[in-house]
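**Q** Handing you a structure now.
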Amino acid sequence: ARRAVVVALEKEKEQREASIRRQSIVTDGVLSYDGQQRMLAKFPEQQRGACLPVLKPFGARRQAWDLICALFLVYSGLVTPFTIAFFQRTCSPARALRSLRGEVNDGLCDYFWWERVVDFVFFVDIGVNFNTAFLDDSRWVLDRRKIAWRYAANPYGFLIDFLAIVPFELFDLPGGVQTSVRLLRLLKLV
């Protein structure tokens, strides 16, 4: 009878822990709940020679990249509304190329090239998101197809990131449409 009670208590404890585990918070590979911490499955070793490793979502490289992106997002959040409100014209690509050669001295063209740098950083961010592992039921998912599907299916994922990097200034759009599509960059702040 005593053994049956011990087995029943152990089973109840396992069920309680499983329930709590589903409601817990995950940070840096540590599962935290009720003031206690339990290690998750260790992030698996990846094959040597892989041209681009899958990143840990809480790893140092990913956090450094997120900090860089956050700085560019702050820049975009501050500068985009300002330029839409006060700059009615944009630098054409042909004029921007002439400014690179030194034929034209125009601050608006300098802004054009800086915006291409911002677009490039956000483009690389899309690649980083396609190569970042995620947790699924306490297991790391490293399969790039599953990662890509999850990122593309997320309503705040790939579509918004892609629309934010399209350089609409390169297209000859009417003024009102040009202003509206430039606001798409602010969706990345969501």
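In the structure tokens, chains take the letters A, B, ... in the order shown, each chain's residues start at 1, and ligands count up from 1 in the order shown.
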Compile the contact shell of Ala96 in chain A as a list of chain:residue names: residues with an atom at most 10 Å away, counting only C-alpha atoms, same-chain residues fewer than 5 positions apart removed.

**A**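 The contact residues come out as A:Thr90, A:Cys91, A:Arg101, A:Gly102, A:Glu103, A:Val104, A:Asn105, A:Asp106, A:Leu108, A:Cys109, A:Asp110, A:Tyr111, A:Phe112, A:Trp113.
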
**Q** Write out as a list in words each polymer residue whose atoms come within 6 Å of range 120-134 of chain A, counting only C-alpha atoms; drop sequence neighbours fewer than 2 positions from it.

**A**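 Selected residues are Val54, Leu55, Lys56, Pro57, Val117, Val118, Trp140, Val141, Leu142 and Ala148 of chain A.
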
**Q** Would you write out those residues with all heavy atoms, as a PDB file, in the first residue's frame?

**A**
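Contents of the output file again.pdb:
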ATOM      1  N   VAL A  54      22.756  27.335 -38.301  1.00  0.00           N
ATOM      2  CA  VAL A  54      21.486  27.787 -37.755  1.00  0.00           C
ATOM      3  C   VAL A  54      21.805  28.449 -36.420  1.00  0.00           C
ATOM      4  O   VAL A  54      22.532  27.906 -35.594  1.00  0.00           O
ATOM      5  CB  VAL A  54      20.515  26.605 -37.573  1.00  0.00           C
ATOM      6  CG1 VAL A  54      19.241  27.053 -36.883  1.00  0.00           C
ATOM      7  CG2 VAL A  54      20.195  25.976 -38.916  1.00  0.00           C
ATOM      8  N   LEU A  55      21.259  29.645 -36.219  1.00  0.00           N
ATOM      9  CA  LEU A  55      21.573  30.424 -35.025  1.00  0.00           C
ATOM     10  C   LEU A  55      20.667  30.067 -33.853  1.00  0.00           C
ATOM     11  O   LEU A  55      19.496  29.738 -34.044  1.00  0.00           O
ATOM     12  CB  LEU A  55      21.416  31.911 -35.318  1.00  0.00           C
ATOM     13  CG  LEU A  55      22.321  32.488 -36.389  1.00  0.00           C
ATOM     14  CD1 LEU A  55      21.903  33.918 -36.702  1.00  0.00           C
ATOM     15  CD2 LEU A  55      23.761  32.433 -35.973  1.00  0.00           C
ATOM     16  N   LYS A  56      21.226  30.178 -32.647  1.00  0.00           N
ATOM     17  CA  LYS A  56      20.411  30.057 -31.442  1.00  0.00           C
ATOM     18  C   LYS A  56      19.642  31.362 -31.288  1.00  0.00           C
ATOM     19  O   LYS A  56      20.217  32.442 -31.392  1.00  0.00           O
ATOM     20  CB  LYS A  56      21.292  29.895 -30.211  1.00  0.00           C
ATOM     21  CG  LYS A  56      22.101  28.648 -30.154  1.00  0.00           C
ATOM     22  CD  LYS A  56      22.940  28.667 -28.876  1.00  0.00           C
ATOM     23  CE  LYS A  56      23.952  27.566 -28.884  1.00  0.00           C
ATOM     24  NZ  LYS A  56      24.788  27.601 -27.681  1.00  0.00           N
ATOM     25  N   PRO A  57      18.346  31.304 -31.007  1.00  0.00           N
ATOM     26  CA  PRO A  57      17.590  32.546 -30.877  1.00  0.00           C
ATOM     27  C   PRO A  57      18.030  33.403 -29.692  1.00  0.00           C
ATOM     28  O   PRO A  57      17.848  34.612 -29.704  1.00  0.00           O
ATOM     29  CB  PRO A  57      16.148  32.085 -30.724  1.00  0.00           C
ATOM     30  CG  PRO A  57      16.227  30.668 -30.330  1.00  0.00           C
ATOM     31  CD  PRO A  57      17.518  30.125 -30.847  1.00  0.00           C
ATOM     32  N   VAL A 117      21.643  51.468 -47.548  1.00  0.00           N
ATOM     33  CA  VAL A 117      22.369  50.757 -46.490  1.00  0.00           C
ATOM     34  C   VAL A 117      21.367  50.182 -45.489  1.00  0.00           C
ATOM     35  O   VAL A 117      21.479  49.017 -45.085  1.00  0.00           O
ATOM     36  CB  VAL A 117      23.387  51.691 -45.787  1.00  0.00           C
ATOM     37  CG1 VAL A 117      23.955  51.043 -44.529  1.00  0.00           C
ATOM     38  CG2 VAL A 117      24.503  52.083 -46.744  1.00  0.00           C
ATOM     39  N   VAL A 118      20.377  50.971 -45.115  1.00  0.00           N
ATOM     40  CA  VAL A 118      19.338  50.507 -44.192  1.00  0.00           C
ATOM     41  C   VAL A 118      18.585  49.332 -44.820  1.00  0.00           C
ATOM     42  O   VAL A 118      18.333  48.315 -44.150  1.00  0.00           O
ATOM     43  CB  VAL A 118      18.376  51.660 -43.819  1.00  0.00           C
ATOM     44  CG1 VAL A 118      17.195  51.153 -42.999  1.00  0.00           C
ATOM     45  CG2 VAL A 118      19.124  52.755 -43.072  1.00  0.00           C
ATOM     46  N   TRP A 140      14.673  21.926 -29.908  1.00  0.00           N
ATOM     47  CA  TRP A 140      15.158  22.896 -30.883  1.00  0.00           C
ATOM     48  C   TRP A 140      14.853  22.395 -32.284  1.00  0.00           C
ATOM     49  O   TRP A 140      15.139  21.242 -32.606  1.00  0.00           O
ATOM     50  CB  TRP A 140      16.660  23.086 -30.738  1.00  0.00           C
ATOM     51  CG  TRP A 140      17.053  23.762 -29.477  1.00  0.00           C
ATOM     52  CD1 TRP A 140      17.659  23.183 -28.396  1.00  0.00           C
ATOM     53  CD2 TRP A 140      16.846  25.133 -29.146  1.00  0.00           C
ATOM     54  NE1 TRP A 140      17.831  24.119 -27.418  1.00  0.00           N
ATOM     55  CE2 TRP A 140      17.359  25.325 -27.849  1.00  0.00           C
ATOM     56  CE3 TRP A 140      16.293  26.207 -29.816  1.00  0.00           C
ATOM     57  CZ2 TRP A 140      17.327  26.561 -27.218  1.00  0.00           C
ATOM     58  CZ3 TRP A 140      16.270  27.433 -29.182  1.00  0.00           C
ATOM     59  CH2 TRP A 140      16.781  27.600 -27.896  1.00  0.00           C
ATOM     60  N   VAL A 141      14.283  23.233 -33.105  1.00  0.00           N
ATOM     61  CA  VAL A 141      14.016  22.899 -34.498  1.00  0.00           C
ATOM     62  C   VAL A 141      15.116  23.545 -35.338  1.00  0.00           C
ATOM     63  O   VAL A 141      15.250  24.767 -35.356  1.00  0.00           O
ATOM     64  CB  VAL A 141      12.631  23.399 -34.946  1.00  0.00           C
ATOM     65  CG1 VAL A 141      12.409  23.133 -36.419  1.00  0.00           C
ATOM     66  CG2 VAL A 141      11.549  22.746 -34.108  1.00  0.00           C
ATOM     67  N   LEU A 142      15.910  22.708 -36.007  1.00  0.00           N
ATOM     68  CA  LEU A 142      17.031  23.179 -36.824  1.00  0.00           C
ATOM     69  C   LEU A 142      16.790  22.954 -38.311  1.00  0.00           C
ATOM     70  O   LEU A 142      17.608  23.365 -39.126  1.00  0.00           O
ATOM     71  CB  LEU A 142      18.331  22.471 -36.421  1.00  0.00           C
ATOM     72  CG  LEU A 142      18.770  22.655 -34.976  1.00  0.00           C
ATOM     73  CD1 LEU A 142      20.026  21.858 -34.703  1.00  0.00           C
ATOM     74  CD2 LEU A 142      18.992  24.106 -34.668  1.00  0.00           C
ATOM     75  N   ALA A 148      11.856  28.118 -42.199  1.00  0.00           N
ATOM     76  CA  ALA A 148      11.365  29.002 -43.266  1.00  0.00           C
ATOM     77  C   ALA A 148       9.840  29.034 -43.286  1.00  0.00           C
ATOM     78  O   ALA A 148       9.243  30.110 -43.432  1.00  0.00           O
ATOM     79  CB  ALA A 148      11.909  28.534 -44.616  1.00  0.00           C
TER      80      ALA A 148
END

**Q** In Å, with one decimal, what is the gap from CA of Asp161 in chain A to CA of Leu73 in chain A?

**A**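 CA of Asp161 in chain A sits 11.6 Å away from CA of Leu73 in chain A.
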
**Q** Enumerate the residues of range 104-168 of chain A with a DSSP assignment of strand (DSSP E), computed from the backbone, and present them as a list in words.

**A**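 Strand (DSSP E) assignments inside range 104-168 of chain A correspond to Phe134, Leu135, Asp136, Arg139, Trp140 and Val141 of chain A.
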
**Q** Find the distance between CA of Leu187 in chain A and CA of Tyr156 in chain A and write it in Å to one decimal.

**A**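 Atom-to-atom, CA of Leu187 in chain A to CA of Tyr156 in chain A, that is 8.8 Å.
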
**Q** Applying 12 Å and only C-alpha atoms, which residues near Leu183 in chain A remain after dropping the ones on its own chain fewer than 5 positions away? List them as number ranges by chain.

**A** A: 76-85, 160, 163-169, 176-178, 188-189

**Q** Produce a file of the selected residues containing C-alpha atoms, as a PDB file, in the first residue's frame.

**A**
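See part.pdb below for the written result:
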ATOM      1  CA  SER A  76      13.633  54.330 -39.458  1.00  0.00           C
ATOM      2  CA  GLY A  77      10.939  55.124 -36.917  1.00  0.00           C
ATOM      3  CA  LEU A  78      12.287  58.633 -36.420  1.00  0.00           C
ATOM      4  CA  VAL A  79      13.482  59.566 -39.913  1.00  0.00           C
ATOM      5  CA  THR A  80      10.822  58.048 -42.199  1.00  0.00           C
ATOM      6  CA  PRO A  81       7.898  60.179 -40.951  1.00  0.00           C
ATOM      7  CA  PHE A  82      10.147  63.261 -41.000  1.00  0.00           C
ATOM      8  CA  THR A  83      11.222  62.724 -44.617  1.00  0.00           C
ATOM      9  CA  ILE A  84       7.665  62.004 -45.737  1.00  0.00           C
ATOM     10  CA  ALA A  85       6.434  65.188 -44.078  1.00  0.00           C
ATOM     11  CA  ILE A 160       6.210  42.784 -43.624  1.00  0.00           C
ATOM     12  CA  LEU A 163       7.706  45.127 -47.944  1.00  0.00           C
ATOM     13  CA  ALA A 164       9.905  47.190 -45.619  1.00  0.00           C
ATOM     14  CA  ILE A 165      12.997  46.698 -47.803  1.00  0.00           C
ATOM     15  CA  VAL A 166      11.519  47.262 -51.251  1.00  0.00           C
ATOM     16  CA  PRO A 167      13.121  50.519 -52.494  1.00  0.00           C
ATOM     17  CA  PHE A 168       9.988  52.152 -53.858  1.00  0.00           C
ATOM     18  CA  GLU A 169      12.030  55.269 -54.628  1.00  0.00           C
ATOM     19  CA  GLY A 176       0.648  60.304 -53.247  1.00  0.00           C
ATOM     20  CA  VAL A 177       1.368  56.644 -53.920  1.00  0.00           C
ATOM     21  CA  GLN A 178       5.088  57.231 -53.353  1.00  0.00           C
ATOM     22  CA  LYS A 188       8.692  46.769 -39.480  1.00  0.00           C
ATOM     23  CA  LEU A 189       8.277  48.540 -36.140  1.00  0.00           C
TER      24      LEU A 189
END

**Q** So what do you get for CA of Ser99 in chain A versus CA of Asp119 in chain A, distance-wise?

**A** 19.2 Å

**Q** Rank nothing, just name the residue among A:Leu159, A:Phe171, A:Leu52, A:Leu184 nearest to Pro93 in chain A, using only C-alpha atoms.

**A** A:Phe171
